[in-house]
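Data block for query_38.tsv (TSV, C-alpha atoms):
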```
chain	number	residue	atom	x	y	z
A	1208	MET	CA	0.00	0.00	0.00
A	1209	GLN	CA	1.36	3.37	-0.89
A	1210	GLN	CA	2.05	5.64	2.07
A	1211	TYR	CA	1.91	2.71	4.53
A	1212	ASP	CA	4.74	2.48	7.05
A	1213	TYR	CA	5.91	-1.15	6.83
A	1214	ALA	CA	7.96	-0.69	10.02
A	1215	SER	CA	4.71	-0.18	11.96
A	1216	PRO	CA	3.90	-2.71	14.67
A	1217	GLY	CA	1.40	-5.27	13.47
A	1218	ALA	CA	0.89	-8.60	11.74
A	1219	TYR	CA	1.92	-9.14	8.13
A	1220	PHE	CA	1.10	-12.04	5.82
A	1221	ILE	CA	3.74	-12.60	3.15
A	1222	THR	CA	4.04	-14.84	0.11
A	1223	ILE	CA	7.33	-15.34	-1.70
A	1224	CYS	CA	7.56	-17.36	-4.92
A	1225	ILE	CA	10.46	-19.25	-6.45
A	1226	HIS	CA	11.54	-17.61	-9.71
A	1227	ASP	CA	9.74	-19.18	-12.69
A	1228	ARG	CA	7.60	-21.15	-10.20
A	1229	LEU	CA	10.09	-24.05	-10.22
A	1230	CYS	CA	9.26	-26.70	-7.62
A	1231	LEU	CA	12.63	-26.65	-5.83
A	1232	LEU	CA	11.44	-27.03	-2.23
A	1233	GLY	CA	9.61	-30.34	-2.20
A	1234	GLU	CA	6.44	-31.95	-3.45
A	1235	ILE	CA	2.90	-32.70	-2.43
A	1236	ARG	CA	1.64	-36.26	-2.72
A	1237	GLU	CA	-1.93	-37.13	-1.79
A	1238	GLU	CA	-2.38	-33.67	-0.21
A	1239	VAL	CA	0.63	-34.19	2.09
A	1240	LEU	CA	3.63	-31.88	1.91
A	1241	HIS	CA	7.05	-33.55	1.63
A	1242	LEU	CA	9.88	-31.05	1.92
A	1243	ASN	CA	13.23	-31.83	0.38
A	1244	PRO	CA	16.50	-30.54	1.92
A	1245	ALA	CA	15.98	-27.16	0.20
A	1246	GLY	CA	12.51	-26.83	1.74
A	1247	GLU	CA	13.93	-27.75	5.14
A	1248	MET	CA	16.61	-25.12	4.66
A	1249	VAL	CA	13.95	-22.46	4.00
A	1250	GLU	CA	12.19	-23.51	7.21
A	1251	ARG	CA	15.44	-23.15	9.20
A	1252	TRP	CA	16.01	-19.61	7.90
A	1253	TRP	CA	12.39	-18.69	8.70
A	1254	ALA	CA	13.01	-19.80	12.31
A	1255	GLU	CA	16.22	-17.77	12.36
A	1256	LEU	CA	14.41	-14.51	11.54
A	1257	SER	CA	13.44	-13.85	15.16
A	1258	ASN	CA	17.08	-14.21	16.23
A	1259	LYS	CA	18.24	-11.75	13.59
A	1260	PHE	CA	15.34	-9.36	14.26
A	1261	PRO	CA	14.31	-9.66	17.94
A	1262	ILE	CA	11.44	-7.23	17.36
A	1263	ILE	CA	9.46	-9.80	15.38
A	1264	LEU	CA	7.40	-12.79	16.40
A	1265	LEU	CA	6.88	-15.58	13.91
A	1266	ASP	CA	3.45	-17.08	13.39
A	1267	ALA	CA	2.03	-19.71	11.04
A	1268	HIS	CA	3.98	-20.57	7.91
A	1269	VAL	CA	4.21	-23.19	5.21
A	1270	VAL	CA	6.90	-24.01	2.68
A	1271	MET	CA	5.19	-25.13	-0.53
A	1272	PRO	CA	6.97	-26.77	-3.50
A	1273	ASN	CA	7.50	-23.43	-5.23
A	1274	HIS	CA	6.46	-20.72	-2.80
A	1275	PHE	CA	6.36	-19.75	0.86
A	1276	HIS	CA	3.59	-18.29	3.03
A	1277	GLY	CA	4.21	-16.85	6.48
A	1278	ILE	CA	2.84	-14.47	9.07
A	1279	LEU	CA	5.13	-12.32	11.16
A	1280	HIS	CA	4.41	-9.70	13.79
A	1281	ILE	CA	6.54	-6.58	14.06
A	1282	GLN	CA	6.52	-5.59	17.74
A	1283	GLY	CA	8.12	-2.15	17.62
A	1284	THR	CA	11.64	-0.79	17.29
A	1285	ASP	CA	14.77	-2.72	18.11
A	1286	PRO	CA	16.05	-1.62	21.55
A	1287	ARG	CA	19.60	-2.07	20.24
A	1288	GLU	CA	18.86	0.54	17.53
A	1289	PRO	CA	15.85	2.61	18.64
A	1290	ASP	CA	16.38	5.21	15.91
A	1291	ASN	CA	16.51	2.61	13.14
A	1292	ALA	CA	13.10	1.05	12.46
A	1293	ILE	CA	13.25	-2.30	10.70
A	1294	THR	CA	10.85	-2.58	7.79
A	1295	LEU	CA	9.03	-5.60	6.45
A	1296	GLY	CA	11.04	-5.21	3.23
A	1297	GLU	CA	14.34	-5.46	5.13
A	1298	ILE	CA	13.15	-8.58	6.95
A	1299	VAL	CA	11.99	-10.30	3.76
A	1300	GLY	CA	15.14	-9.16	1.94
A	1301	TRP	CA	17.38	-10.72	4.59
A	1302	PHE	CA	15.38	-13.97	4.47
A	1303	LYS	CA	15.61	-14.12	0.67
A	1304	THR	CA	19.34	-13.36	0.72
A	1305	MET	CA	20.18	-15.99	3.32
A	1306	THR	CA	18.11	-18.72	1.66
A	1307	THR	CA	19.48	-17.87	-1.80
A	1308	ASN	CA	23.08	-17.96	-0.58
A	1309	GLU	CA	22.63	-21.32	1.14
A	1310	TYR	CA	20.85	-22.73	-1.89
A	1311	ILE	CA	23.73	-21.67	-4.16
A	1312	ARG	CA	26.26	-23.28	-1.78
A	1313	SER	CA	24.18	-26.47	-1.80
A	1314	VAL	CA	24.04	-26.55	-5.61
A	1315	LYS	CA	27.84	-26.60	-5.55
A	1316	HIS	CA	28.33	-29.00	-2.62
A	1317	PHE	CA	25.26	-31.26	-2.69
A	1318	ASN	CA	24.21	-31.10	-6.34
A	1319	TRP	CA	20.84	-29.45	-5.68
A	1320	PRO	CA	18.97	-28.54	-8.87
A	1321	ARG	CA	20.15	-25.33	-10.49
A	1322	PHE	CA	17.90	-22.35	-11.00
A	1323	LYS	CA	17.97	-19.72	-13.75
A	1324	LYS	CA	19.20	-16.28	-12.77
A	1325	TYR	CA	17.32	-15.92	-9.44
A	1326	PHE	CA	16.19	-18.26	-6.69
A	1327	TRP	CA	13.23	-16.15	-5.53
A	1328	GLN	CA	11.20	-13.94	-7.81
A	1329	ARG	CA	12.07	-10.27	-7.61
A	1330	ASN	CA	9.39	-9.06	-5.20
A	1331	TYR	CA	6.98	-10.58	-2.71
A	1332	TRP	CA	3.32	-10.20	-1.87
A	1333	GLU	CA	2.28	-8.78	1.50
A	1334	HIS	CA	-0.98	-8.19	3.30
A	1335	VAL	CA	-1.40	-6.12	6.45
A	1336	VAL	CA	-3.48	-8.20	8.87
A	1337	ARG	CA	-6.12	-5.87	10.27
A	1338	ASN	CA	-7.90	-7.87	12.98
A	1339	ALA	CA	-8.07	-11.15	14.89
A	1340	ARG	CA	-10.68	-12.68	12.59
A	1341	SER	CA	-8.53	-12.00	9.53
A	1342	LEU	CA	-5.49	-13.44	11.33
A	1343	GLU	CA	-7.36	-16.67	12.07
A	1344	CYS	CA	-8.56	-16.95	8.45
A	1345	ILE	CA	-5.01	-16.51	7.16
A	1346	ARG	CA	-3.66	-19.06	9.65
A	1347	ARG	CA	-6.27	-21.54	8.43
A	1348	TYR	CA	-5.40	-20.79	4.79
A	1349	ILE	CA	-1.73	-21.50	5.53
A	1350	GLU	CA	-2.55	-24.71	7.40
A	1351	LEU	CA	-4.73	-26.04	4.56
A	1352	ASN	CA	-2.53	-24.84	1.70
A	1353	PRO	CA	-0.93	-28.25	0.95
A	1354	ARG	CA	-4.37	-29.87	0.70
A	1355	HIS	CA	-5.36	-27.37	-1.98
A	1356	TRP	CA	-2.23	-27.76	-4.11
A	1357	ALA	CA	-4.16	-29.46	-6.92
A	1358	ASP	CA	-6.14	-26.22	-7.39
A	1359	ASP	CA	-3.33	-23.77	-6.61
A	1360	ILE	CA	-2.57	-21.21	-9.31
A	1361	ASP	CA	1.15	-21.67	-8.52
A	1362	ASN	CA	0.96	-25.40	-9.26
A	1363	PRO	CA	2.80	-25.89	-12.57
A	1364	ASP	CA	1.20	-29.32	-13.20
A	1365	PRO	CA	-0.47	-29.28	-16.65
A	1366	GLU	CA	-3.36	-31.36	-15.26
A	1367	TRP	CA	-4.31	-28.37	-13.11
A	1368	ILE	CA	-4.70	-26.17	-16.17
A	1369	GLU	CA	-6.68	-28.82	-18.04
A	1370	THR	CA	-8.97	-29.38	-15.07
A	1371	ARG	CA	-9.42	-25.68	-14.47
A	1372	PHE	CA	-9.90	-24.57	-18.07
A	1373	GLY	CA	-11.14	-27.77	-19.71
A	1374	ARG	CA	-8.37	-27.99	-22.29
A	1375	PRO	CA	-4.81	-29.31	-22.44
A	1376	LEU	CA	-1.85	-26.98	-22.83
```
Using structure tokens, write down the structure that the file contains.
Amino acid sequence: MQQYDYASPGAYFITICIHDRLCLLGEIREEVLHLNPAGEMVERWWAELSNKFPIILLDAHVVMPNHFHGILHIQGTDPREPDNAITLGEIVGWFKTMTTNEYIRSVKHFNWPRFKKYFWQRNYWEHVVRNARSLECIRRYIELNPRHWADDIDNPDPEWIETRFGRPL
């Protein structure tokens, strides 16, 4: 939102997609999420966010095969740097940088699949959570996300398109 202060205390729902929607983080079989080592790595860096930025609390999240959903709460300013407000963009940027760097190292050392140009797509999607009811709805959406993979617009499976639009690619 233009003119919104993304350092303001509050809850934020974010979605970050893998560049070109490549399924690099795992797979979903029979509505059950199975993370691969890259997906587990993304989870570890999500958990690390509150150590890097003590002013945030982490909430519900899910690592999907080619995207990530999470809720975080900005609590205020960092007492170590009270004049330097941390923004949502800085938090997401750090998360994307750390996960990208570890993924690149793992391509070299563990032969993880390569990606073209970028690991994450350039930007991310955010939603300011306005009230408790909205927060609960978003938590439920995150929890159920793997079950709805067959109908997810980010699912690159051609069967999804055929089912949705009634024609093959």
- Using all atoms listed in the file, which residue out of A:Lys1259, A:Arg1329, A:His1276, A:His1334 lies closest to A:Ile1298? A:Lys1259
- Message: Neighbouring residues of A:Ser1341 were defined as those with any atom within 12 Å, considering only C-alpha atoms; residues of the same chain fewer than 5 positions away were excluded. Please report them as a list in words.
- Response: Ala1218, Tyr1219, Phe1220, Ile1278, His1334, Val1335, Val1336, Arg1346, Arg1347 and Tyr1348 of chain A
- Spatial neighbours of A:Gln1282, 6 Å, all atoms listed in the file, chain gap at least 4 places, as a ChimeraX atom specification: /A:1216,1262-1263
Could the residues in this selection be written to a file with C-alpha atoms, as a PDB file, keeping the file's coordinate frame?
```
ATOM      1  CA  PRO A1216       3.900  -2.710  14.670  1.00  0.00           C
ATOM      2  CA  ILE A1262      11.440  -7.230  17.360  1.00  0.00           C
ATOM      3  CA  ILE A1263       9.460  -9.800  15.380  1.00  0.00           C
TER       4      ILE A1263
END
```
- Item | Shortest interatomic distance to A:Asn1273 - which of A:Gln1210, A:Asn1318, A:Ser1313, A:Asn1243, counting all atoms listed in the file |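 Counting all atoms listed in the file, the residue closest to A:Asn1273 is A:Asn1243.
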- Counting all atoms listed in the file, the option among A:Arg1228, A:Arg1251, A:Arg1312, A:His1268 closest to A:Ile1349: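 Nearest candidate to A:Ile1349 out of A:Arg1228, A:Arg1251, A:Arg1312, A:His1268: A:His1268.
Separating atom CA of A:Glu1350 from atom CA of A:Pro1363 is a distance of 20.7 Å.
Among the candidate residues A:Asn1338, A:Gln1328, A:Thr1284, A:Asn1258, the one lying nearest to A:Thr1304 is A:Gln1328, with distances computed using all atoms listed in the file.
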- Message: Can you pull out the residues contacting A:Leu1242? Cut-off 9 Å, using only C-alpha atoms, and skip same-chain residues under 2 positions away; I want them as an MDAnalysis selection string.
- Response: chainID A and resid 1232:1235 1240 1244:1247 1270:1272
- Message: Counting all atoms listed in the file, which residues have an atom no more than 7 Å from (18.9, -20.4, 4.1) in the file's coordinates? Please list them as JSON, numbers by chain.
- Response: {"A": [1248, 1249, 1251, 1252, 1305, 1306, 1307, 1308, 1309, 1310]}
- Message: If I take atom CA of A:Trp1253 and atom CA of A:Gly1296, how far is one from the other in Å, to one decimal?
- Response: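 Calculated distance between atom CA of A:Trp1253 and atom CA of A:Gly1296 is 14.6 Å.
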- What is the distance, in Å and to one decimal place, between atom CA of A:Asp1359 and atom CA of A:Ala1339? 25.4 Å
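If only C-alpha atoms are the atoms counted, then among A:Ala1292, A:Val1299, A:Ile1360, A:Cys1344 the closest residue to A:Asp1212 is A:Ala1292.
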